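S.K.: Here you go, this is entry-v1.txt (compact mmCIF, C-alpha atoms).
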# COMPACT_ATOMS: atom_id res chain seq x y z
CA MET A 1 -9.32 15.54 18.25
CA GLU A 2 -10.71 14.79 14.80
CA THR A 3 -12.03 18.37 14.45
CA ASP A 4 -8.68 19.81 15.55
CA LEU A 5 -6.78 17.68 13.01
CA ASP A 6 -9.13 18.11 10.08
CA PRO A 7 -11.32 21.20 10.51
CA MET A 8 -12.09 21.37 6.76
CA GLY A 9 -13.01 17.67 6.42
CA GLU A 10 -10.29 17.03 3.83
CA MET A 11 -9.21 13.61 5.21
CA TRP A 12 -12.15 11.96 3.53
CA VAL A 13 -10.79 8.41 3.62
CA ILE A 14 -10.76 8.29 7.42
CA GLY A 15 -13.28 11.08 8.12
CA LYS A 16 -17.02 10.89 8.51
CA ILE A 17 -19.28 9.97 5.61
CA GLY A 18 -20.77 13.07 4.01
CA GLN A 19 -20.77 15.32 0.97
CA THR A 20 -16.98 15.67 0.88
CA HIS A 21 -16.49 11.90 1.13
CA SER A 22 -19.01 11.21 -1.64
CA LEU A 23 -17.56 13.84 -3.98
CA ALA A 24 -13.98 12.67 -3.44
CA ARG A 25 -14.90 9.02 -4.09
CA LYS A 26 -16.64 10.08 -7.30
CA ILE A 27 -13.52 11.86 -8.55
CA ALA A 28 -11.30 8.97 -7.41
CA ALA A 29 -13.47 6.59 -9.42
CA THR A 30 -12.82 8.71 -12.51
CA ILE A 31 -9.07 8.50 -11.89
CA MET A 32 -9.16 4.74 -11.33
CA SER A 33 -11.03 4.21 -14.59
CA ALA A 34 -7.99 5.70 -16.34
CA VAL A 35 -5.74 3.41 -14.27
CA ARG A 36 -7.77 0.40 -15.40
CA ALA A 37 -7.26 1.56 -18.97
CA GLY A 38 -3.51 1.29 -18.43
CA GLU A 39 -2.52 4.98 -18.28
CA THR A 40 -0.20 4.51 -15.27
CA GLU A 41 1.35 1.20 -16.34
CA PRO A 42 4.46 2.71 -18.02
CA LEU A 43 5.17 4.64 -14.81
CA GLN A 44 4.70 1.57 -12.63
CA GLU A 45 6.91 -0.57 -14.87
CA MET A 46 9.67 2.04 -14.62
CA GLU A 47 9.36 2.13 -10.80
CA ALA A 48 9.56 -1.68 -10.65
CA LEU A 49 12.72 -1.62 -12.79
CA LEU A 50 14.28 0.96 -10.47
CA ASN A 51 13.40 -1.23 -7.50
CA LEU A 52 15.38 -4.08 -9.10
CA GLN A 53 18.40 -1.81 -9.55
CA HIS A 54 18.44 -0.94 -5.85
CA LEU A 55 18.19 -4.62 -4.92
CA LEU A 56 20.92 -5.62 -7.38
CA ASP A 57 23.23 -2.86 -6.14
CA ASP A 58 23.45 -4.32 -2.64
CA GLY A 59 22.19 -7.87 -3.12
CA GLY A 60 19.26 -7.10 -0.85
CA ALA A 61 21.35 -8.35 2.06
CA ASP A 62 20.24 -5.46 4.24
CA TRP A 63 16.94 -4.83 2.53
CA TYR A 64 14.80 -3.99 5.53
CA HIS A 65 17.01 -1.10 6.58
CA HIS A 66 16.53 0.26 3.07
CA ILE A 67 12.76 0.18 3.46
CA GLU A 68 12.44 3.96 3.41
CA ARG A 69 14.35 4.21 0.14
CA LEU A 70 13.38 0.86 -1.35
CA PHE A 71 9.92 -0.63 -0.82
CA LEU A 72 8.62 2.60 0.69
CA ARG A 73 10.32 4.44 -2.16
CA VAL A 74 8.88 2.28 -4.93
CA ALA A 75 5.37 2.40 -3.44
CA ALA A 76 5.28 6.05 -2.40
CA SER A 77 7.15 7.35 -5.44
CA SER A 78 4.59 5.74 -7.76
CA VAL A 79 1.79 7.53 -5.93
CA LEU A 80 3.62 10.86 -5.74
CA SER A 81 4.47 10.67 -9.44
CA ALA A 82 0.90 9.88 -10.50
CA ALA A 83 -0.70 12.30 -8.04
CA PHE A 84 1.65 15.27 -8.18
CA GLY A 85 4.27 14.58 -10.88
CA VAL A 86 7.01 14.22 -8.22
CA HIS A 87 9.39 11.31 -8.92
CA CYS A 88 11.65 10.10 -6.10
CA SER A 89 14.47 7.95 -7.42
CA THR A 90 16.68 7.61 -4.33
CA GLY A 91 14.34 7.56 -1.34
CA HIS A 92 16.19 10.48 0.25
CA GLU A 93 14.07 13.22 -1.35
CA SER A 94 12.60 15.65 1.20
CA ASP A 95 9.09 15.45 -0.29
CA LEU A 96 9.12 11.66 -0.06
CA ARG A 97 10.37 11.59 3.51
CA SER A 98 7.88 14.26 4.54
CA SER A 99 5.04 12.33 2.89
CA LEU A 100 6.00 9.10 4.64
CA SER A 101 6.30 10.87 7.99
CA THR A 102 2.86 12.43 7.51
CA LEU A 103 1.28 9.10 6.56
CA ALA A 104 2.85 7.41 9.59
CA GLU A 105 1.46 10.11 11.88
CA ILE A 106 -2.01 9.82 10.33
CA VAL A 107 -1.93 6.06 10.95
CA HIS A 108 -1.00 6.68 14.58
CA LEU A 109 -3.62 9.38 15.06
CA ALA A 110 -6.30 7.07 13.62
CA LEU A 111 -5.92 4.77 16.65
CA PRO A 112 -8.42 5.23 19.48
CA SER A 113 -5.51 5.33 21.94
CA SER A 114 -3.94 8.35 20.22
CA SER A 115 -5.88 10.88 22.31
CA ILE A 116 -7.52 10.89 25.71
CA THR A 117 -10.45 12.79 24.16
CA ASN A 118 -11.38 9.63 22.26
CA PHE A 119 -12.23 8.05 25.62
CA PHE A 120 -13.41 11.17 27.46
CA PRO A 121 -14.90 13.50 24.81
CA PHE A 122 -16.06 16.00 27.46
CA LEU A 123 -12.41 16.99 28.00
CA ASP A 124 -12.50 18.73 24.63
CA LEU A 125 -14.82 21.31 26.22
CA ILE A 126 -11.85 22.65 28.22
CA PRO A 127 -10.72 25.89 26.54
CA GLY A 128 -7.16 26.88 25.71
CA PRO A 129 -4.04 25.16 24.32
CA MET A 130 -4.57 21.67 25.69
CA PRO A 131 -1.93 19.01 24.75
CA TRP A 132 -4.11 17.33 22.12
CA ARG A 133 -4.82 20.69 20.44
CA THR A 134 -1.14 21.66 20.46
CA ARG A 135 -0.20 18.34 18.86
CA ALA A 136 -2.98 18.66 16.30
CA ALA A 137 -1.91 22.20 15.39
CA SER A 138 1.70 21.09 14.95
CA PHE A 139 0.67 18.19 12.72
CA ARG A 140 -1.70 20.40 10.75
CA LYS A 141 1.06 22.91 9.92
CA ARG A 142 3.44 20.19 8.66
CA TYR A 143 0.59 18.60 6.74
CA GLU A 144 -0.43 21.84 5.03
CA ASP A 145 3.14 22.90 4.23
CA LEU A 146 3.83 19.55 2.54
CA TYR A 147 0.67 19.35 0.46
CA ASN A 148 0.70 23.02 -0.54
CA ARG A 149 4.18 22.38 -1.89
CA LEU A 150 3.13 19.23 -3.73
CA LEU A 151 0.02 20.86 -5.16
CA ASP A 152 1.94 23.92 -6.31
CA ASN A 153 4.37 21.63 -8.15
CA ALA A 154 1.50 19.73 -9.81
CA LEU A 155 -0.58 22.74 -10.81
CA THR A 156 1.84 25.59 -11.48
CA GLY A 157 5.33 24.12 -11.12
CA ASN A 158 7.42 21.48 -12.89
CA ALA A 159 4.46 19.11 -13.36
CA SER A 160 2.07 21.75 -14.68
CA GLY A 161 0.27 20.54 -17.79
CA ARG A 162 0.67 16.84 -16.99
CA ASN A 163 -2.28 14.56 -16.42
CA THR A 164 -1.66 14.20 -12.68
CA TRP A 165 -4.38 13.20 -10.23
CA ALA A 166 -4.17 16.68 -8.70
CA ALA A 167 -4.94 18.19 -12.10
CA ILE A 168 -7.97 15.90 -12.47
CA PHE A 169 -9.31 16.95 -9.07
CA VAL A 170 -8.98 20.60 -10.11
CA LYS A 171 -10.93 19.90 -13.31
CA GLU A 172 -13.74 18.59 -11.12
CA ASN A 173 -14.04 21.83 -9.12
CA GLY A 174 -17.64 22.96 -9.01
CA PRO A 175 -20.12 24.67 -6.74
CA GLU A 176 -18.75 22.65 -3.83
CA GLY A 177 -15.44 24.58 -4.00
CA ASP A 178 -11.79 23.77 -4.61
CA GLN A 179 -11.41 19.99 -4.42
CA ARG A 180 -7.69 19.78 -5.23
CA ARG A 181 -6.87 19.12 -1.56
CA LEU A 182 -8.80 15.86 -1.65
CA VAL A 183 -6.17 14.11 -3.79
CA ILE A 184 -3.90 13.67 -0.77
CA GLN A 185 -5.67 10.57 0.50
CA PHE A 186 -3.95 7.93 -1.64
CA GLY A 187 -1.65 5.65 0.34
CA THR A 188 1.00 3.05 -0.45
CA THR A 189 1.40 -0.73 -0.83
CA THR A 190 4.54 -1.06 1.29
CA SER A 191 3.17 -3.40 3.96
CA CYS A 192 1.95 -5.81 1.27
CA LEU A 193 5.43 -5.97 -0.28
CA GLN A 194 6.97 -6.58 3.14
CA SER A 195 4.49 -9.39 3.79
CA PHE A 196 5.29 -10.88 0.38
CA VAL A 197 9.00 -11.09 1.27
CA LEU A 198 8.17 -12.68 4.64
CA ALA A 199 5.96 -15.23 2.85
CA CYS A 200 8.87 -16.10 0.56
CA ILE A 201 10.95 -16.94 3.64
CA ARG A 202 8.36 -18.64 5.84
CA HIS A 203 6.50 -20.55 3.09
CA PRO A 204 8.99 -21.02 0.20
CA GLU A 205 7.23 -24.09 -1.22
CA TRP A 206 5.11 -22.00 -3.62
CA ILE A 207 7.98 -19.98 -5.14
CA THR A 208 9.11 -22.62 -7.66
CA ARG A 209 5.62 -22.89 -9.14
CA ALA A 210 5.38 -19.11 -9.47
CA GLN A 211 8.81 -18.81 -11.10
CA ASN A 212 8.10 -21.71 -13.47
CA GLU A 213 4.88 -20.01 -14.63
CA ILE A 214 6.69 -16.72 -15.19
CA ASP A 215 9.58 -18.39 -17.06
CA LYS A 216 7.20 -20.32 -19.30
CA VAL A 217 5.36 -17.18 -20.37
CA VAL A 218 8.13 -14.58 -20.26
CA GLY A 219 11.29 -16.56 -20.95
CA THR A 220 14.74 -15.42 -19.86
CA ASP A 221 15.45 -12.63 -22.36
CA ARG A 222 13.13 -9.97 -20.92
CA LEU A 223 11.35 -8.93 -17.75
CA PRO A 224 7.62 -9.41 -17.16
CA THR A 225 5.35 -6.56 -18.26
CA PHE A 226 1.66 -5.84 -17.80
CA LYS A 227 1.00 -7.49 -21.16
CA ASP A 228 1.88 -10.81 -19.49
CA ARG A 229 -0.62 -10.39 -16.65
CA PRO A 230 -3.55 -12.27 -18.26
CA PHE A 231 -1.30 -15.30 -18.75
CA LEU A 232 0.07 -15.51 -15.19
CA PRO A 233 -2.85 -16.62 -12.99
CA TYR A 234 -0.61 -17.99 -10.23
CA VAL A 235 1.13 -14.63 -9.84
CA GLU A 236 -2.32 -13.03 -9.71
CA ALA A 237 -3.23 -15.45 -6.93
CA ILE A 238 -0.17 -14.30 -4.97
CA ILE A 239 -1.56 -10.76 -5.02
CA ARG A 240 -4.85 -12.05 -3.66
CA ALA A 241 -3.13 -13.88 -0.78
CA ARG A 242 -2.19 -10.44 1.29
CA MET A 243 -5.98 -3.26 6.49
CA GLY A 244 -9.02 -1.76 6.97
CA ILE A 245 -10.27 1.70 7.94
CA PRO A 246 -12.60 2.13 10.92
CA HIS A 247 -16.27 2.70 10.19
CA TYR A 248 -18.83 4.91 11.91
CA SER A 249 -22.37 3.82 12.70
CA THR A 250 -24.74 6.26 11.01
CA ALA A 251 -27.74 5.41 13.21
CA ASP A 252 -28.54 3.68 16.49
CA ASP A 253 -28.33 -0.06 15.97
CA THR A 254 -28.55 -3.31 17.88
CA ILE A 255 -26.60 -6.39 16.84
CA GLU A 256 -26.74 -9.94 18.09
CA TYR A 257 -23.62 -12.00 18.69
CA GLN A 258 -23.63 -15.49 20.22
CA GLY A 259 -27.16 -15.03 21.55
CA GLN A 260 -26.52 -11.66 23.22
CA GLU A 261 -27.65 -8.24 21.98
CA TYR A 262 -25.35 -5.22 21.90
CA PHE A 263 -26.48 -1.61 21.45
CA LEU A 264 -24.36 0.62 19.18
CA PRO A 265 -25.23 4.32 19.47
CA LYS A 266 -25.11 6.53 16.38
CA GLY A 267 -21.60 7.81 15.73
CA SER A 268 -19.83 4.82 17.29
CA THR A 269 -16.42 3.99 15.85
CA ILE A 270 -16.44 0.41 14.59
CA TYR A 271 -13.28 -1.53 13.76
CA ALA A 272 -13.85 -4.51 11.50
CA ILE A 273 -11.64 -7.43 12.55
CA SER A 274 -9.94 -8.33 9.28
CA TRP A 275 -7.96 -11.07 11.01
CA ALA A 276 -11.18 -12.92 11.87
CA MET A 277 -12.56 -12.47 8.34
CA GLU A 278 -9.41 -13.82 6.73
CA HIS A 279 -9.32 -16.75 9.21
CA ASP A 280 -12.78 -18.05 8.33
CA GLU A 281 -12.05 -21.76 7.84
CA SER A 282 -15.24 -22.18 5.78
CA LYS A 283 -13.64 -19.94 3.13
CA TYR A 284 -9.91 -20.30 3.72
CA GLU A 285 -8.75 -23.79 4.62
CA ASP A 286 -5.47 -23.84 6.57
CA CYS A 287 -5.74 -20.06 6.68
CA ASP A 288 -2.39 -19.43 8.39
CA ARG A 289 -0.47 -20.84 5.43
CA PHE A 290 0.50 -18.68 2.47
CA MET A 291 -1.27 -20.65 -0.28
CA PRO A 292 -1.83 -18.75 -3.54
CA GLU A 293 -3.37 -21.89 -5.04
CA ARG A 294 -6.42 -21.49 -2.78
CA PHE A 295 -7.54 -18.80 -5.27
CA LEU A 296 -7.21 -21.16 -8.28
CA ASP A 297 -9.56 -23.85 -9.54
CA SER A 298 -8.56 -27.39 -10.50
CA LYS A 299 -7.47 -26.20 -13.96
CA GLY A 300 -5.18 -23.50 -12.57
CA ASN A 301 -7.50 -20.62 -13.48
CA LEU A 302 -8.47 -17.86 -11.07
CA LYS A 303 -11.67 -18.58 -9.17
CA PRO A 304 -14.56 -16.13 -9.70
CA LYS A 305 -16.17 -14.11 -6.92
CA TYR A 306 -12.93 -13.18 -5.22
CA GLU A 307 -13.48 -11.66 -1.75
CA THR A 308 -11.01 -10.01 0.63
CA SER A 309 -11.08 -7.48 3.46
CA ALA A 310 -7.47 -6.44 2.75
CA PHE A 311 -8.58 -3.18 1.12
CA GLY A 312 -11.58 -2.55 3.36
CA PHE A 313 -15.21 -2.73 2.24
CA GLY A 314 -18.40 -0.75 1.87
CA ARG A 315 -18.03 3.03 1.68
CA ARG A 316 -14.62 2.68 3.37
CA ILE A 317 -13.13 0.45 0.69
CA CYS A 318 -9.76 1.69 -0.56
CA PRO A 319 -10.39 4.04 -3.51
CA GLY A 320 -7.06 3.19 -5.14
CA ILE A 321 -7.38 -0.60 -5.47
CA PRO A 322 -6.69 -0.72 -9.24
CA PHE A 323 -3.48 1.32 -8.83
CA ALA A 324 -2.36 -0.63 -5.75
CA GLU A 325 -2.96 -4.06 -7.28
CA ARG A 326 -1.11 -3.10 -10.44
CA ALA A 327 1.83 -1.83 -8.40
CA LEU A 328 1.93 -5.05 -6.37
CA TRP A 329 1.65 -7.22 -9.46
CA ILE A 330 4.52 -5.67 -11.42
CA ASP A 331 6.81 -5.45 -8.36
CA ILE A 332 6.20 -9.07 -7.35
CA ALA A 333 6.41 -10.45 -10.89
CA THR A 334 9.70 -8.71 -11.63
CA MET A 335 11.25 -9.69 -8.28
CA LEU A 336 10.28 -13.35 -8.71
CA TRP A 337 11.68 -13.33 -12.28
CA THR A 338 14.98 -11.82 -11.12
CA PHE A 339 15.66 -13.17 -7.63
CA ASN A 340 15.57 -16.08 -5.29
CA ILE A 341 14.51 -14.60 -1.94
CA ARG A 342 15.87 -16.44 1.09
CA PRO A 343 16.50 -15.93 4.82
CA SER A 344 19.73 -14.40 5.98
CA ASP A 345 22.28 -16.77 7.52
CA LYS A 346 24.10 -13.98 9.35
CA PRO A 347 23.68 -13.75 13.12
CA ASP A 348 21.35 -11.17 14.59
CA PRO A 349 23.54 -8.14 15.42
CA VAL A 350 21.72 -7.70 18.74
CA THR A 351 21.67 -11.27 20.04
CA GLY A 352 24.59 -12.78 18.12
CA ILE A 353 22.49 -15.83 17.21
CA PRO A 354 20.69 -16.69 13.94
CA PHE A 355 17.55 -14.65 13.36
CA VAL A 356 14.33 -16.51 14.21
CA TYR A 357 11.66 -15.85 11.59
CA GLU A 358 8.06 -15.69 12.76
CA ASP A 359 4.81 -14.96 10.91
CA GLY A 360 2.32 -14.94 13.78
CA ASP A 361 0.66 -11.91 15.37
CA ALA A 362 3.79 -11.05 17.37
CA ALA A 363 5.74 -10.61 14.11
CA PHE A 364 3.60 -7.67 12.96
CA THR A 365 3.01 -4.08 14.06
CA ASP A 366 -0.24 -3.40 15.92
CA ASN A 367 -1.51 -0.32 14.07
CA ILE A 368 -4.26 -0.21 11.43
CA THR A 369 -1.74 -0.69 8.60
CA SER A 370 -0.15 -3.75 10.14
CA ALA A 371 3.20 -4.70 8.62
CA PRO A 372 5.98 -7.15 9.53
CA LEU A 373 8.47 -6.05 12.13
CA ASN A 374 12.15 -5.75 11.22
CA PHE A 375 13.65 -8.91 9.69
CA PRO A 376 16.60 -9.59 7.34
CA ALA A 377 16.29 -11.11 3.87
CA VAL A 378 18.64 -11.86 0.98
CA PHE A 379 17.83 -11.30 -2.70
CA GLU A 380 20.07 -13.56 -4.82
CA PRO A 381 19.96 -13.16 -8.62
CA ARG A 382 18.77 -16.39 -10.20
CA ASP A 383 21.55 -16.22 -12.80
CA LYS A 384 23.90 -13.73 -14.49
CA GLN A 385 21.74 -13.43 -17.59
CA ARG A 386 18.82 -12.09 -15.55
CA VAL A 387 21.08 -9.47 -13.99
CA GLU A 388 22.22 -8.38 -17.45
CA VAL A 389 18.63 -8.21 -18.71
CA ALA A 390 17.47 -6.17 -15.70
CA ARG A 391 20.39 -3.77 -16.08
CA ARG A 392 19.84 -3.42 -19.85
CA GLU A 393 16.12 -2.81 -19.57
CA TRP A 394 16.69 -0.13 -16.94
CA GLU A 395 19.32 1.51 -19.14
CA ASN A 396 16.94 1.57 -22.11
CA CYS A 397 13.66 2.41 -20.40
CA GLU A 398 11.98 5.82 -20.39
CA LYS A 399 12.62 7.54 -17.05
CA ASP A 400 11.14 11.00 -17.64
CA VAL A 401 7.88 11.31 -15.70
CA ALA A 402 6.83 14.07 -18.11
CA VAL A 403 6.81 11.44 -20.87
CA LEU A 404 5.39 8.62 -18.76
CA LEU A 405 2.43 10.73 -17.65
CA PRO A 406 0.38 11.87 -20.67
CA ALA A 407 -0.32 15.58 -21.09
CA GLN A 408 -3.75 16.95 -20.22
Will you turn the file into structure tokens for me?
M.R.:
Amino acid sequence: METDLDPMGEMWVIGKIGQTHSLARKIAATIMSAVRAGETEPLQEMEALLNLQHLLDDGGADWYHHIERLFLRVAASSVLSAAFGVHCSTGHESDLRSSLSTLAEIVHLALPSSSITNFFPFLDLIPGPMPWRTRAASFRKRYEDLYNRLLDNALTGNASGRNTWAAIFVKENGPEGDQRRLVIQFGTTTSCLQSFVLACIRHPEWITRAQNEIDKVVGTDRLPTFKDRPFLPYVEAIIRARMGIPHYSTADDTIEYQGQEYFLPKGSTIYAISWAMEHDESKYEDCDRFMPERFLDSKGNLKPKYETSAFGFGRRICPGIPFAERALWIDIATMLWTFNIRPSDKPDPVTGIPFVYEDGDAAFTDNITSAPLNFPAVFEPRDKQRVEVARREWENCEKDVAVLLPAQ
């Protein structure tokens, strides 16, 4: 199934470790060094401002049903803008919807249960158009049509000449061949934003401290910016309080667990259990509670040696961590400055009774990018002045991606 889906080995994030994977990570590291230097911050601040406008327009009363054009929009549009120079302001753009559909299918196909050939590999020896090959061919065509269109826009179309990630990958072309296709592997931060909103509802006791810290540093006359980040350790701790990619064993190995040995043949698919790692009571006391302060010392400063499995680890660690963490930080900081986020008091349209909020395993999807299931939430502006400030800053901010992304 993997060979049918990715015959050229372009899906390097979820594919096997090899030359393509190593080269792509090297180029991604170059891109992320520019992100650390702040090159994408103007773009991400603009996207966060636009997110506030969508929430203010409808009060956030039906926010989850806007996910495709709200949190998915703000997360995916940031990536599409930086990678290909394609900005999606409404969430209804065909490129955005196609990208989200493709990512969702990749997540599904990454599950062992997605194909019978994952359990019975010998079936792949059967010639002809078997169901798994037909499905793979259909996905591959949609996948190639989308990314050829995005790459054409970045390299020869409207975004030509901008310092997009696609352009950087092209600069790195060498004896190995055309590496521009490898840029497609960057994902989104949507599930983290959804989990943040759920944490606001299920564990609201920390919100006042976060808002007080923001108000003390930022005041009420402007929105938070990245310049405020060093002075907001509690908000930083919120980002730390939040998926992993399966690994392959590269050689035969034997491990011991609870006194018993287990043999892992070379090429075995290994899923790290992030839930167990994040529920290690020796590291995370009362681990089921959303407690940003667990990442702070007694003086309120961030603790050193921060560890998490949220972005994976080893050679499978997410290559876009700097971009993702910056996106999460600015979105969360601006939402906390602007809104009080509370549960909905309207009855569930299906049952007719008040919605019951849960945050246990049953409240989340069961794929590798686990996210909360559908739930309602209300975003209430903290006061009229904050609404006016958010509207004014959006009116005055630079919205042209050609300006926000520096030229090559």
S.K.: Per residue of region 110-178 of chain A within 12 Å of region 91-96 of chain A, note the shortest atom pair and the distance in Å to one decimal, counting all atoms listed in the file, and order the rows by chain and increasing residue number, as a tab-separated table.
M.R.:
residue	atom	partner	partner_atom	distance
A:Arg142	CA	A:Asp95	CA	11.6
A:Tyr143	CA	A:Asp95	CA	11.5
A:Asp145	CA	A:Asp95	CA	10.6
A:Leu146	CA	A:Asp95	CA	7.2
A:Tyr147	CA	A:Asp95	CA	9.3
A:Asn148	CA	A:Asp95	CA	11.3
A:Arg149	CA	A:Asp95	CA	8.6
A:Leu150	CA	A:Asp95	CA	7.9
A:Leu151	CA	A:Asp95	CA	11.6
A:Asn153	CA	A:Asp95	CA	11.1
S.K.: List as a PDB file with C-alpha atoms, in the frame of the given file the protein and nucleic acid residues near Asp331 (chain A), meaning an atom at most 10 Å away when all atoms listed in the file are counted, but skip any in the same chain fewer than 2 places from it.
M.R.:
ATOM      1  CA  GLN A  44       4.700   1.570 -12.630  1.00  0.00           C
ATOM      2  CA  GLU A  45       6.910  -0.570 -14.870  1.00  0.00           C
ATOM      3  CA  GLU A  47       9.360   2.130 -10.800  1.00  0.00           C
ATOM      4  CA  ALA A  48       9.560  -1.680 -10.650  1.00  0.00           C
ATOM      5  CA  LEU A  49      12.720  -1.620 -12.790  1.00  0.00           C
ATOM      6  CA  ASN A  51      13.400  -1.230  -7.500  1.00  0.00           C
ATOM      7  CA  LEU A  52      15.380  -4.080  -9.100  1.00  0.00           C
ATOM      8  CA  PHE A  71       9.920  -0.630  -0.820  1.00  0.00           C
ATOM      9  CA  VAL A  74       8.880   2.280  -4.930  1.00  0.00           C
ATOM     10  CA  ALA A  75       5.370   2.400  -3.440  1.00  0.00           C
ATOM     11  CA  LEU A 193       5.430  -5.970  -0.280  1.00  0.00           C
ATOM     12  CA  PRO A 224       7.620  -9.410 -17.160  1.00  0.00           C
ATOM     13  CA  GLU A 325      -2.960  -4.060  -7.280  1.00  0.00           C
ATOM     14  CA  ARG A 326      -1.110  -3.100 -10.440  1.00  0.00           C
ATOM     15  CA  ALA A 327       1.830  -1.830  -8.400  1.00  0.00           C
ATOM     16  CA  LEU A 328       1.930  -5.050  -6.370  1.00  0.00           C
ATOM     17  CA  TRP A 329       1.650  -7.220  -9.460  1.00  0.00           C
ATOM     18  CA  ALA A 333       6.410 -10.450 -10.890  1.00  0.00           C
ATOM     19  CA  THR A 334       9.700  -8.710 -11.630  1.00  0.00           C
ATOM     20  CA  MET A 335      11.250  -9.690  -8.280  1.00  0.00           C
ATOM     21  CA  LEU A 336      10.280 -13.350  -8.710  1.00  0.00           C
TER      22      LEU A 336
END
S.K.: Quick check, in Å to one decimal: how far apart do CA of Leu125 (chain A) and CA of Ile106 (chain A) lie?
M.R.: 23.4 Å
S.K.: Using all atoms listed in the file, which of A:Asn212, A:Lys346, A:Cys200, A:Phe84 sits nearest Thr164 (chain A)?
M.R.: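 Distance minimum relative to Thr164 (chain A) lands on A:Phe84.
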S.K.: One decimal, Å: what's the distance from CA of Glu213 (chain A) over to CA of Pro230 (chain A), could you say?
M.R.: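 Those two atoms sit 12.0 Å apart.
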S.K.: Select all residues near (-31.5, -1.8, 15.7) (cut-off 10 Å, inclusive, file coordinates), counting only C-alpha atoms, and output them as a list in words.
M.R.: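 Using only C-alpha atoms, the matching residues come out as Ala251, Asp252, Asp253, Thr254, Ile255, Glu256, Glu261, Tyr262, Phe263, Leu264 and Pro265 of chain A.
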S.K.: Hey, which of A:Cys192, A:Ala82, A:Leu55, A:Ala390 ends up closest to Arg162 (chain A)? Count all atoms listed in the file.
M.R.: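 Using all atoms listed in the file, the shortest distance to Arg162 (chain A) belongs to A:Ala82.
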S.K.: In Å to one decimal, how far is CA of Ser113 (chain A) from CA of Pro131 (chain A)?
M.R.: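 If I compute the distance from CA of Pro131 (chain A) to CA of Ser113 (chain A), I get 14.4 Å.
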S.K.: Can you tell me, as a PDB file with C-alpha atoms, in the coordinates of the input, what residues are no more than 10 Å from Glu398 (chain A) when counting only C-alpha atoms, ignoring any on the same chain fewer than 5 positions away?
M.R.:
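Dumped to result33.pdb:
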ATOM      1  CA  PRO A  42       4.460   2.710 -18.020  1.00  0.00           C
ATOM      2  CA  LEU A  43       5.170   4.640 -14.810  1.00  0.00           C
ATOM      3  CA  GLU A  45       6.910  -0.570 -14.870  1.00  0.00           C
ATOM      4  CA  MET A  46       9.670   2.040 -14.620  1.00  0.00           C
ATOM      5  CA  GLU A 393      16.120  -2.810 -19.570  1.00  0.00           C
ATOM      6  CA  VAL A 403       6.810  11.440 -20.870  1.00  0.00           C
ATOM      7  CA  LEU A 404       5.390   8.620 -18.760  1.00  0.00           C
TER       8      LEU A 404
END
S.K.: For Glu105 (chain A), which residue among A:Ser138, A:Asn301, A:Ser191, A:Gln211 is the nearest when counting all atoms listed in the file?
M.R.: A:Ser138
S.K.: Identify the residues within 8 Å of coordinate (-9.0, 21.9, 21.6) (same frame as the file), considering all atoms listed in the file, and give the answer as JSON, numbers by chain.
M.R.: {"A": [1, 4, 124, 125, 126, 127, 128, 129, 130, 132, 133, 134]}
